[in-house]
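Structure first, commentary second.
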Amino acid sequence: MAIRRFAAGLVLSLVLSCTAAPAEELAAVGRETAPPAPAAEAAAEDAAVPLTRVVLFSSGVGFFDRQGEIDGSAAVALKFNTTDVNDLLKSLVVEDRGGGQISAVTYGSKDPITKTLKKFAIDLTGNPTLAAILNQIRGERIEFSAPGPLAGTLLGVEIRRRDAGQGKQPLEVEIMNVLTDDGLRSIPLDQVGAIRVANAQLDKEFRQALAVLASGHDADKKSVTLHFAGQGRRPVRVGYIQNAPIWKTSYRLVLDAKATGDEKKESDEKPGEAGRLQPLLQGWAIVENTTEEDWKNVRLSLVSGRPVSFIMNLYDPLYVQRPTVEPELFAGLRPQVYDAGDRDLLEPGLPAVRQNVGGKTAAKPTAGAMSGMGARGSGSAKGDRRAALADAESAGEPNLPVSGEALFGRNGYAQPQAKDAAFSVTRAADPGAQSGDVGELFQYSIVPPVTLARQESAMLPIVDEQISGRKLSVYNPAVQPKHPLSGLRLANTTQLHLMQGPITVFDGGAYAGDAQIEDIAPGAERLVTYAIDLDVECNQEANATSEEITSVRLVKGVLYSERKHVRSRKYKIKNSDERARTVLVEQPIVGGWNLVAPKEPTEKTRSVYRFAVDVEPKKSAALEVAEDNVVSQQIQLANSDDATIRFFLAQRVISAEVKAALEKIIAMKAALAALVEQQKHLESQLKSITDEQQRIRQNMQQLDRNSDLYKRYVKKFGEQEDTVEGLGNQVKRLADGETAQRKALDDFLLSLDLKPAPVAAERAPAQ
């Protein structure tokens, strides 16, 4: 209930402060220098809530936790960069933990200083002269010395010309006119001493305007004042999110370590056991204090994760365009006479008010309801949070402030404390995460309190332990075609989550190279490389490829086949060193290609296979990697030529049923082709006779019907008609035969459902 009352009071106070008069708003800007209310000013100076905890996130924000004590009603003033005010307004949480309440949170206006100064009764923009200032307070009663003490009502300041002597330009003199008790007096302004405005309110605004003018000298800084109301000495807490540089990590890896187990000579090492080490890993966190204050004995935590964070403009004043509503005016009306009727035709409920939107009159809209924000959780949950906060503070362990509950003590994350290390690590897994590097958070809590001056940076130790590792070389022809890279397979045997960063490697007491790692969880392994291994040479031979049909089946006139492409790549590795080497060969993973030999890689990533090859001293070794790719093909047998069918008929993988069906298809297609060819031959003969008859008809038109040639043409024409009739009957019989043969072929094709032959033993890859 206390938290709910605090939230409601804070919202109400903010609303009241935002709707206050301009003078009151501007008074808050110059609160540090404003002279009125000395008691409140003293309270603001005495009250202090020091910074006790800082949590820096790798997403570019920091959480700042302040805890302290106040006495009675007090004001706590904080200063922020203007760019950080939006984050402050979005995330500020204030708690009075001793029974008091927060009355308001006030901060300087975002308006330009010239616009702010114009809101005061005395305008100080443009560097006005004393005469210009006095002219702004005409009519006010002032007290001044000239040289004796005088008082009166200021009429204004005028400029008069005075003769400066013969041959000189006239002088302009500023004269102050005042109505005193003795009458009007005109006094040169340069003879007037101290001037005091009798109007206390005007004098207060004048001083406030000067305070605003002074604050403009540091336009990038804004003061935020927290007002607490209550009695007695009690603890308070303030937390907020602020933009912060991303903290970074860097590591040093020293390989001058002893071999695991018994001491061994290099010549006694077996290839599979070569290079096992316990290197020393030293890690540092790099942090920057870019805030407006020094960090003194601050509990510092470094969190790696990706919480959703954004900036919303809450600082700039926002104004909503509202419609202008005017009452509708009616002119005087003459008395009206109405005819008798069955019912009143007048429209009831005539609106008396209209609104003017863009020059048009429309009905007034109804006001929408405002929805509030309620706090979630029960009273018991709040009690659990306070109890957890008390437990955490008594144990001296900071909580991970990823939410409001974590901020004020809900113990939702396990926090093991390392006894011998200089830090502790907290890990929390989000059950709804899709991958480890998105949903997993880990935290380094620096145990010794950190002291860091503003605008300074520091390197803080986070790890100094021996880990497990093994030397090896990594060969990738796309990186270096001739030599592999010297590297290590690191195993994170610490209890810490190692964040990504650069690693500087030292070997034999000297610099060996640089490497880079991604995040490594406890117990995980990573591969790092840091130099070119000149003692080992690698060579990659051109790919050998082969192709074969692996499966043929027939279904409803369609031939389904699978074609396997096999390719291999050979690597030759030569070790010129006195020590045995393990070379890790990387080969890209290509979509659609399956690994055949070796059966399994040593390890597999998203983009490459890795194969470990052990090489004896002064010897060579070879590795062959074979892959295959199976491509499916569909062929319509009705539209295929004999050459295509005979190609599949010659494959050794087809079954006897498929072979017999293909042979029958070839025979049926040959018979169909013979019928078609005979039909074409007869149709060719018919066309020749038809052309000959056309020629005879043309000749007969030129001859006498009683001539011998004409009679011979008539006889020949008759013989050709008999031949045409016979050929036509043969073409018809052939066409009917073709239709029947084609139907028989189609029926046979549609009836096919033949599976492929059983797969024989796997063949060795092509050499």
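Residue numbering restarts at 1 for every chain of the structure tokens, chains are lettered A, B, ... in their displayed order, and ligands are numbered from 1 as they appear.
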Give me the residues within 8 Å of region 243-258 of chain A as a compact mmCIF listing (two decimals) with N, CA and C atoms, in the first residue's frame, counting only C-alpha atoms and dropping any in the same chain fewer than 5 places off.
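New file around13.txt:
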# COMPACT_ATOMS: atom_id res chain seq x y z
N LEU A 56 26.31 -1.16 -14.92
CA LEU A 56 26.50 -0.81 -16.32
C LEU A 56 26.11 -2.00 -17.20
N PHE A 57 25.28 -1.72 -18.20
CA PHE A 57 24.82 -2.75 -19.12
C PHE A 57 25.57 -2.65 -20.44
N SER A 58 25.70 -3.78 -21.12
CA SER A 58 26.37 -3.78 -22.42
C SER A 58 25.46 -3.26 -23.53
N SER A 59 24.24 -2.84 -23.18
CA SER A 59 23.32 -2.29 -24.18
C SER A 59 23.40 -0.77 -24.25
N GLY A 60 24.31 -0.13 -23.47
CA GLY A 60 24.50 1.30 -23.58
C GLY A 60 23.78 2.13 -22.54
N VAL A 61 23.32 1.53 -21.45
CA VAL A 61 22.68 2.27 -20.37
C VAL A 61 23.30 1.85 -19.06
N GLY A 62 23.08 2.66 -18.03
CA GLY A 62 23.54 2.35 -16.69
C GLY A 62 22.43 2.60 -15.69
N ASP A 84 20.31 13.64 -20.84
CA ASP A 84 19.94 12.53 -19.97
C ASP A 84 18.60 12.74 -19.27
N ASP A 87 15.78 10.13 -20.22
CA ASP A 87 15.92 8.84 -19.53
C ASP A 87 15.52 8.97 -18.07
N GLU A 263 55.12 -34.63 -15.91
CA GLU A 263 55.96 -33.88 -16.82
C GLU A 263 56.38 -34.78 -17.99
N LEU A 277 47.77 -27.74 -22.22
CA LEU A 277 48.32 -26.70 -21.35
C LEU A 277 47.30 -26.31 -20.30
N GLN A 278 47.82 -25.56 -19.31
CA GLN A 278 46.97 -24.87 -18.35
C GLN A 278 47.37 -23.40 -18.36
N PRO A 279 47.00 -22.66 -19.41
CA PRO A 279 47.43 -21.27 -19.52
C PRO A 279 46.76 -20.39 -18.47
N LEU A 280 47.42 -19.27 -18.20
CA LEU A 280 46.89 -18.28 -17.26
C LEU A 280 46.06 -17.26 -18.03
N LEU A 281 44.81 -17.10 -17.63
CA LEU A 281 43.91 -16.13 -18.26
C LEU A 281 43.69 -14.98 -17.30
N GLN A 282 44.01 -13.79 -17.76
CA GLN A 282 43.78 -12.57 -16.97
C GLN A 282 42.85 -11.66 -17.76
N GLY A 283 41.73 -11.27 -17.12
CA GLY A 283 40.73 -10.45 -17.79
C GLY A 283 40.53 -9.12 -17.08
N TRP A 284 40.26 -8.09 -17.86
CA TRP A 284 40.04 -6.73 -17.35
C TRP A 284 38.75 -6.17 -17.95
N ALA A 285 38.04 -5.44 -17.13
CA ALA A 285 36.86 -4.70 -17.60
C ALA A 285 37.23 -3.23 -17.72
N ILE A 286 36.85 -2.62 -18.82
CA ILE A 286 37.15 -1.20 -19.07
C ILE A 286 35.85 -0.42 -18.92
N VAL A 287 35.81 0.51 -17.96
CA VAL A 287 34.61 1.30 -17.67
C VAL A 287 34.97 2.78 -17.72
N GLU A 288 33.97 3.60 -18.02
CA GLU A 288 34.14 5.06 -18.07
C GLU A 288 33.09 5.73 -17.21
N THR A 290 31.23 8.87 -17.14
CA THR A 290 30.88 10.06 -17.92
C THR A 290 29.78 10.88 -17.25
N LEU A 302 28.77 -5.10 -13.54
CA LEU A 302 28.84 -5.06 -15.00
C LEU A 302 27.98 -6.19 -15.54
N MET A 499 32.94 -12.74 -21.14
CA MET A 499 32.32 -11.91 -22.18
C MET A 499 33.26 -11.78 -23.37
N GLN A 500 32.71 -11.52 -24.53
CA GLN A 500 33.50 -11.38 -25.75
C GLN A 500 34.50 -10.24 -25.62
N GLY A 501 35.61 -10.39 -26.32
CA GLY A 501 36.63 -9.35 -26.29
C GLY A 501 37.93 -9.83 -26.90
N PRO A 502 38.93 -8.95 -27.01
CA PRO A 502 40.23 -9.33 -27.58
C PRO A 502 41.08 -10.06 -26.55
N ILE A 503 41.98 -10.92 -27.05
CA ILE A 503 42.93 -11.65 -26.21
C ILE A 503 44.33 -11.39 -26.76
N THR A 504 45.22 -10.95 -25.90
CA THR A 504 46.63 -10.84 -26.25
C THR A 504 47.35 -12.08 -25.73
N VAL A 505 48.02 -12.79 -26.62
CA VAL A 505 48.63 -14.08 -26.28
C VAL A 505 50.13 -13.88 -26.11
N PHE A 506 50.65 -14.42 -25.00
CA PHE A 506 52.10 -14.42 -24.73
C PHE A 506 52.56 -15.87 -24.65
N ASP A 507 53.65 -16.18 -25.36
CA ASP A 507 54.18 -17.54 -25.39
C ASP A 507 55.69 -17.47 -25.26
N GLY A 508 56.25 -18.24 -24.33
CA GLY A 508 57.70 -18.23 -24.13
C GLY A 508 58.21 -16.90 -23.62
N GLY A 509 57.39 -16.18 -22.88
CA GLY A 509 57.80 -14.90 -22.33
C GLY A 509 57.79 -13.77 -23.33
Test item, strand (DSSP E) assignment across region 586-621 of chain A, answer as a list in words: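 Restricting region 586-621 of chain A to strand (DSSP E) produces Glu586, Gln587, Pro588, Asn594, Leu595, Val596, Ala597, Glu603, Lys604, Val608, Tyr609, Arg610, Phe611, Ala612, Val613, Asp614, Val615, Ser620 and Ala621 of chain A.
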Write a file of the just-selected residues containing N, CA and C atoms, as a compact mmCIF listing (two decimals), in the first residue's frame.
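And here is the file that came out, result02.txt:
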# COMPACT_ATOMS: atom_id res chain seq x y z
N GLU A 586 39.50 -27.00 -41.91
CA GLU A 586 38.14 -26.49 -42.07
C GLU A 586 37.71 -26.58 -43.53
N GLN A 587 36.52 -27.11 -43.77
CA GLN A 587 35.96 -27.18 -45.11
C GLN A 587 34.56 -26.60 -45.07
N PRO A 588 34.21 -25.71 -46.02
CA PRO A 588 32.89 -25.07 -45.99
C PRO A 588 31.75 -26.07 -46.13
N ASN A 594 26.11 -33.74 -48.81
CA ASN A 594 26.19 -34.52 -47.58
C ASN A 594 27.57 -35.12 -47.44
N LEU A 595 28.05 -35.13 -46.19
CA LEU A 595 29.38 -35.67 -45.92
C LEU A 595 29.34 -37.19 -46.02
N VAL A 596 30.29 -37.76 -46.80
CA VAL A 596 30.37 -39.21 -47.00
C VAL A 596 31.57 -39.78 -46.27
N ALA A 597 32.73 -39.17 -46.45
CA ALA A 597 33.95 -39.64 -45.81
C ALA A 597 34.78 -38.42 -45.41
N GLU A 603 34.28 -31.76 -35.49
CA GLU A 603 33.25 -30.85 -34.99
C GLU A 603 32.64 -30.12 -36.17
N LYS A 604 31.49 -29.53 -35.92
CA LYS A 604 30.73 -28.87 -36.99
C LYS A 604 30.18 -27.56 -36.47
N VAL A 608 31.15 -24.47 -41.36
CA VAL A 608 32.27 -25.32 -41.78
C VAL A 608 32.24 -26.64 -41.01
N TYR A 609 32.84 -27.67 -41.69
CA TYR A 609 33.24 -28.90 -41.00
C TYR A 609 34.67 -28.70 -40.52
N ARG A 610 35.01 -29.36 -39.41
CA ARG A 610 36.39 -29.35 -38.92
C ARG A 610 36.85 -30.79 -38.72
N PHE A 611 38.04 -31.10 -39.29
CA PHE A 611 38.60 -32.45 -39.20
C PHE A 611 39.98 -32.34 -38.56
N ALA A 612 40.19 -33.07 -37.48
CA ALA A 612 41.47 -33.07 -36.78
C ALA A 612 42.41 -34.09 -37.41
N VAL A 613 43.62 -33.63 -37.75
CA VAL A 613 44.63 -34.50 -38.35
C VAL A 613 45.89 -34.41 -37.49
N ASP A 614 46.33 -35.55 -36.94
CA ASP A 614 47.55 -35.61 -36.15
C ASP A 614 48.73 -35.89 -37.07
N VAL A 615 49.79 -35.06 -36.94
CA VAL A 615 50.96 -35.16 -37.81
C VAL A 615 52.19 -35.36 -36.95
N SER A 620 54.55 -36.20 -42.89
CA SER A 620 53.38 -35.65 -43.58
C SER A 620 52.17 -36.53 -43.31
N ALA A 621 51.01 -35.96 -43.52
CA ALA A 621 49.75 -36.68 -43.37
C ALA A 621 48.79 -36.17 -44.43
Nearby residues (only C-alpha atoms) at most 7 Å from region 625-636 of chain A, same-chain spacing under 3 positions excluded, as a tab-separated table (two decimals) with N, CA and C atoms, in the first residue's frame:
chain	number	residue	atom	x	y	z
A	557	GLY	N	3.25	-43.33	-66.17
A	557	GLY	CA	3.84	-42.72	-67.35
A	557	GLY	C	4.96	-41.75	-67.07
A	558	VAL	N	5.39	-41.61	-65.82
A	558	VAL	CA	6.48	-40.69	-65.47
A	558	VAL	C	7.64	-41.51	-64.93
A	559	LEU	N	8.84	-41.24	-65.44
A	559	LEU	CA	10.05	-41.88	-64.96
A	559	LEU	C	10.70	-40.98	-63.92
A	560	TYR	N	10.83	-41.49	-62.71
A	560	TYR	CA	11.48	-40.77	-61.62
A	560	TYR	C	12.87	-41.34	-61.42
A	561	SER	N	13.87	-40.48	-61.49
A	561	SER	CA	15.25	-40.95	-61.32
A	561	SER	C	15.97	-40.06	-60.30
A	562	GLU	N	16.96	-40.65	-59.65
A	562	GLU	CA	17.83	-39.93	-58.72
A	562	GLU	C	19.26	-40.07	-59.21
A	563	ARG	N	19.90	-38.89	-59.32
A	563	ARG	CA	21.26	-38.84	-59.84
A	563	ARG	C	22.18	-38.36	-58.72
A	564	LYS	N	23.20	-39.13	-58.41
A	564	LYS	CA	24.13	-38.78	-57.33
A	564	LYS	C	25.41	-38.21	-57.92
A	565	HIS	N	25.78	-37.00	-57.42
A	565	HIS	CA	27.05	-36.39	-57.76
A	565	HIS	C	28.00	-36.57	-56.57
A	566	VAL	N	29.16	-37.06	-56.81
A	566	VAL	CA	30.16	-37.29	-55.76
A	566	VAL	C	31.39	-36.46	-56.07
A	567	ARG	N	31.87	-35.74	-55.05
A	567	ARG	CA	33.10	-34.97	-55.21
A	567	ARG	C	33.98	-35.19	-53.99
A	568	SER	N	35.25	-35.06	-54.16
A	568	SER	CA	36.20	-35.26	-53.07
A	568	SER	C	37.27	-34.18	-53.13
A	569	ARG	N	37.84	-33.90	-51.97
A	569	ARG	CA	38.89	-32.89	-51.85
A	569	ARG	C	39.99	-33.47	-50.96
A	570	LYS	N	41.23	-33.39	-51.42
A	570	LYS	CA	42.36	-33.96	-50.69
A	570	LYS	C	43.22	-32.85	-50.11
A	592	GLY	N	22.87	-28.84	-49.59
A	592	GLY	CA	22.54	-29.91	-50.52
A	592	GLY	C	23.58	-30.99	-50.61
A	593	TRP	N	24.81	-30.74	-50.13
A	593	TRP	CA	25.88	-31.73	-50.18
A	593	TRP	C	26.00	-32.39	-48.81
A	594	ASN	N	26.11	-33.74	-48.81
A	594	ASN	CA	26.19	-34.52	-47.58
A	594	ASN	C	27.57	-35.12	-47.44
A	595	LEU	N	28.05	-35.13	-46.19
A	595	LEU	CA	29.38	-35.67	-45.92
A	595	LEU	C	29.34	-37.19	-46.02
A	596	VAL	N	30.29	-37.76	-46.80
A	596	VAL	CA	30.37	-39.21	-47.00
A	596	VAL	C	31.57	-39.78	-46.27
A	597	ALA	N	32.73	-39.17	-46.45
A	597	ALA	CA	33.95	-39.64	-45.81
A	597	ALA	C	34.78	-38.42	-45.41
A	598	PRO	N	35.25	-38.41	-44.17
A	598	PRO	CA	34.96	-39.32	-43.06
A	598	PRO	C	33.47	-39.32	-42.70
A	639	ASN	N	6.45	-38.42	-74.10
A	639	ASN	CA	7.07	-37.39	-74.93
A	639	ASN	C	8.57	-37.57	-75.07
A	640	SER	N	9.12	-38.67	-74.56
A	640	SER	CA	10.57	-38.88	-74.60
A	640	SER	C	10.95	-39.65	-75.86
A	765	PRO	N	33.96	-43.60	-52.56
A	765	PRO	CA	33.99	-42.36	-53.33
A	765	PRO	C	35.00	-42.43	-54.46
Atomic separation - CA of Glu616 (chain A) relative to CA of Ser473 (chain A), Å: 13.6 Å
For Ala638 (chain A), find every residue with an atom within 10 Å (counting only C-alpha atoms), except residues of its own chain fewer than 5 positions away, and show them as a short mmCIF file (atom, residue, chain, number, x, y, z; two decimals) with all heavy atoms, in the first residue's frame.
data_model
loop_
_atom_site.label_atom_id
_atom_site.label_comp_id
_atom_site.auth_asym_id
_atom_site.auth_seq_id
_atom_site.Cartn_x
_atom_site.Cartn_y
_atom_site.Cartn_z
N GLY A 557 3.25 -43.33 -66.17
CA GLY A 557 3.84 -42.72 -67.35
C GLY A 557 4.96 -41.75 -67.07
O GLY A 557 5.46 -41.11 -68.00
N VAL A 558 5.39 -41.61 -65.82
CA VAL A 558 6.48 -40.69 -65.47
C VAL A 558 7.64 -41.51 -64.93
O VAL A 558 7.47 -42.39 -64.08
CB VAL A 558 6.03 -39.67 -64.40
CG1 VAL A 558 7.18 -38.72 -64.06
CG2 VAL A 558 4.83 -38.88 -64.91
N ILE A 665 7.84 -50.35 -73.81
CA ILE A 665 7.50 -48.98 -74.23
C ILE A 665 8.22 -48.65 -75.52
O ILE A 665 7.64 -48.04 -76.45
CB ILE A 665 7.87 -47.99 -73.11
CG1 ILE A 665 6.94 -48.18 -71.90
CG2 ILE A 665 7.78 -46.56 -73.60
CD1 ILE A 665 7.36 -47.40 -70.68
N LYS A 669 6.25 -47.82 -78.92
CA LYS A 669 6.49 -46.53 -79.58
C LYS A 669 7.01 -46.76 -81.00
O LYS A 669 6.70 -45.97 -81.91
CB LYS A 669 7.50 -45.70 -78.75
CG LYS A 669 6.94 -45.18 -77.43
CD LYS A 669 8.00 -44.47 -76.61
CE LYS A 669 8.42 -43.16 -77.20
NZ LYS A 669 7.37 -42.14 -77.16
N ARG A 742 -1.92 -45.79 -80.04
CA ARG A 742 -1.62 -44.70 -79.10
C ARG A 742 -2.38 -44.91 -77.79
O ARG A 742 -1.86 -44.67 -76.70
CB ARG A 742 -1.95 -43.36 -79.73
CG ARG A 742 -1.37 -42.17 -78.98
CD ARG A 742 -1.69 -40.87 -79.71
NE ARG A 742 -1.10 -40.85 -81.03
CZ ARG A 742 0.17 -40.52 -81.27
NH1 ARG A 742 0.98 -40.23 -80.26
NH2 ARG A 742 0.63 -40.51 -82.50
N LEU A 745 -0.69 -47.56 -75.78
CA LEU A 745 0.52 -47.05 -75.13
C LEU A 745 0.17 -46.21 -73.90
O LEU A 745 0.79 -46.37 -72.84
CB LEU A 745 1.34 -46.24 -76.14
CG LEU A 745 2.61 -45.57 -75.60
CD1 LEU A 745 3.58 -46.61 -75.05
CD2 LEU A 745 3.29 -44.73 -76.69
N ASP A 746 -0.83 -45.35 -74.07
CA ASP A 746 -1.23 -44.52 -72.93
C ASP A 746 -1.76 -45.36 -71.77
O ASP A 746 -1.44 -45.10 -70.60
CB ASP A 746 -2.28 -43.50 -73.37
CG ASP A 746 -1.71 -42.45 -74.32
OD1 ASP A 746 -0.47 -42.30 -74.34
OD2 ASP A 746 -2.50 -41.79 -75.03
N LEU A 749 1.16 -47.00 -70.06
CA LEU A 749 1.94 -46.06 -69.24
C LEU A 749 1.22 -45.72 -67.94
O LEU A 749 1.84 -45.65 -66.86
CB LEU A 749 2.23 -44.79 -70.04
CG LEU A 749 3.19 -44.93 -71.24
CD1 LEU A 749 3.29 -43.61 -71.99
CD2 LEU A 749 4.57 -45.38 -70.78
#
Minimum-distance residue to Pro235 (chain A), chosen among A:Asp203, A:Glu293, A:Glu721, A:Asp96 (using only C-alpha atoms):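 Nearest candidate to Pro235 (chain A) out of A:Asp203, A:Glu293, A:Glu721, A:Asp96: A:Asp96.
When only C-alpha atoms are used to compute distances to Gly100 (chain A), the closest of the residues A:Ala229, A:Val447, A:Ala132, A:Ala75 turns out to be A:Ala229.
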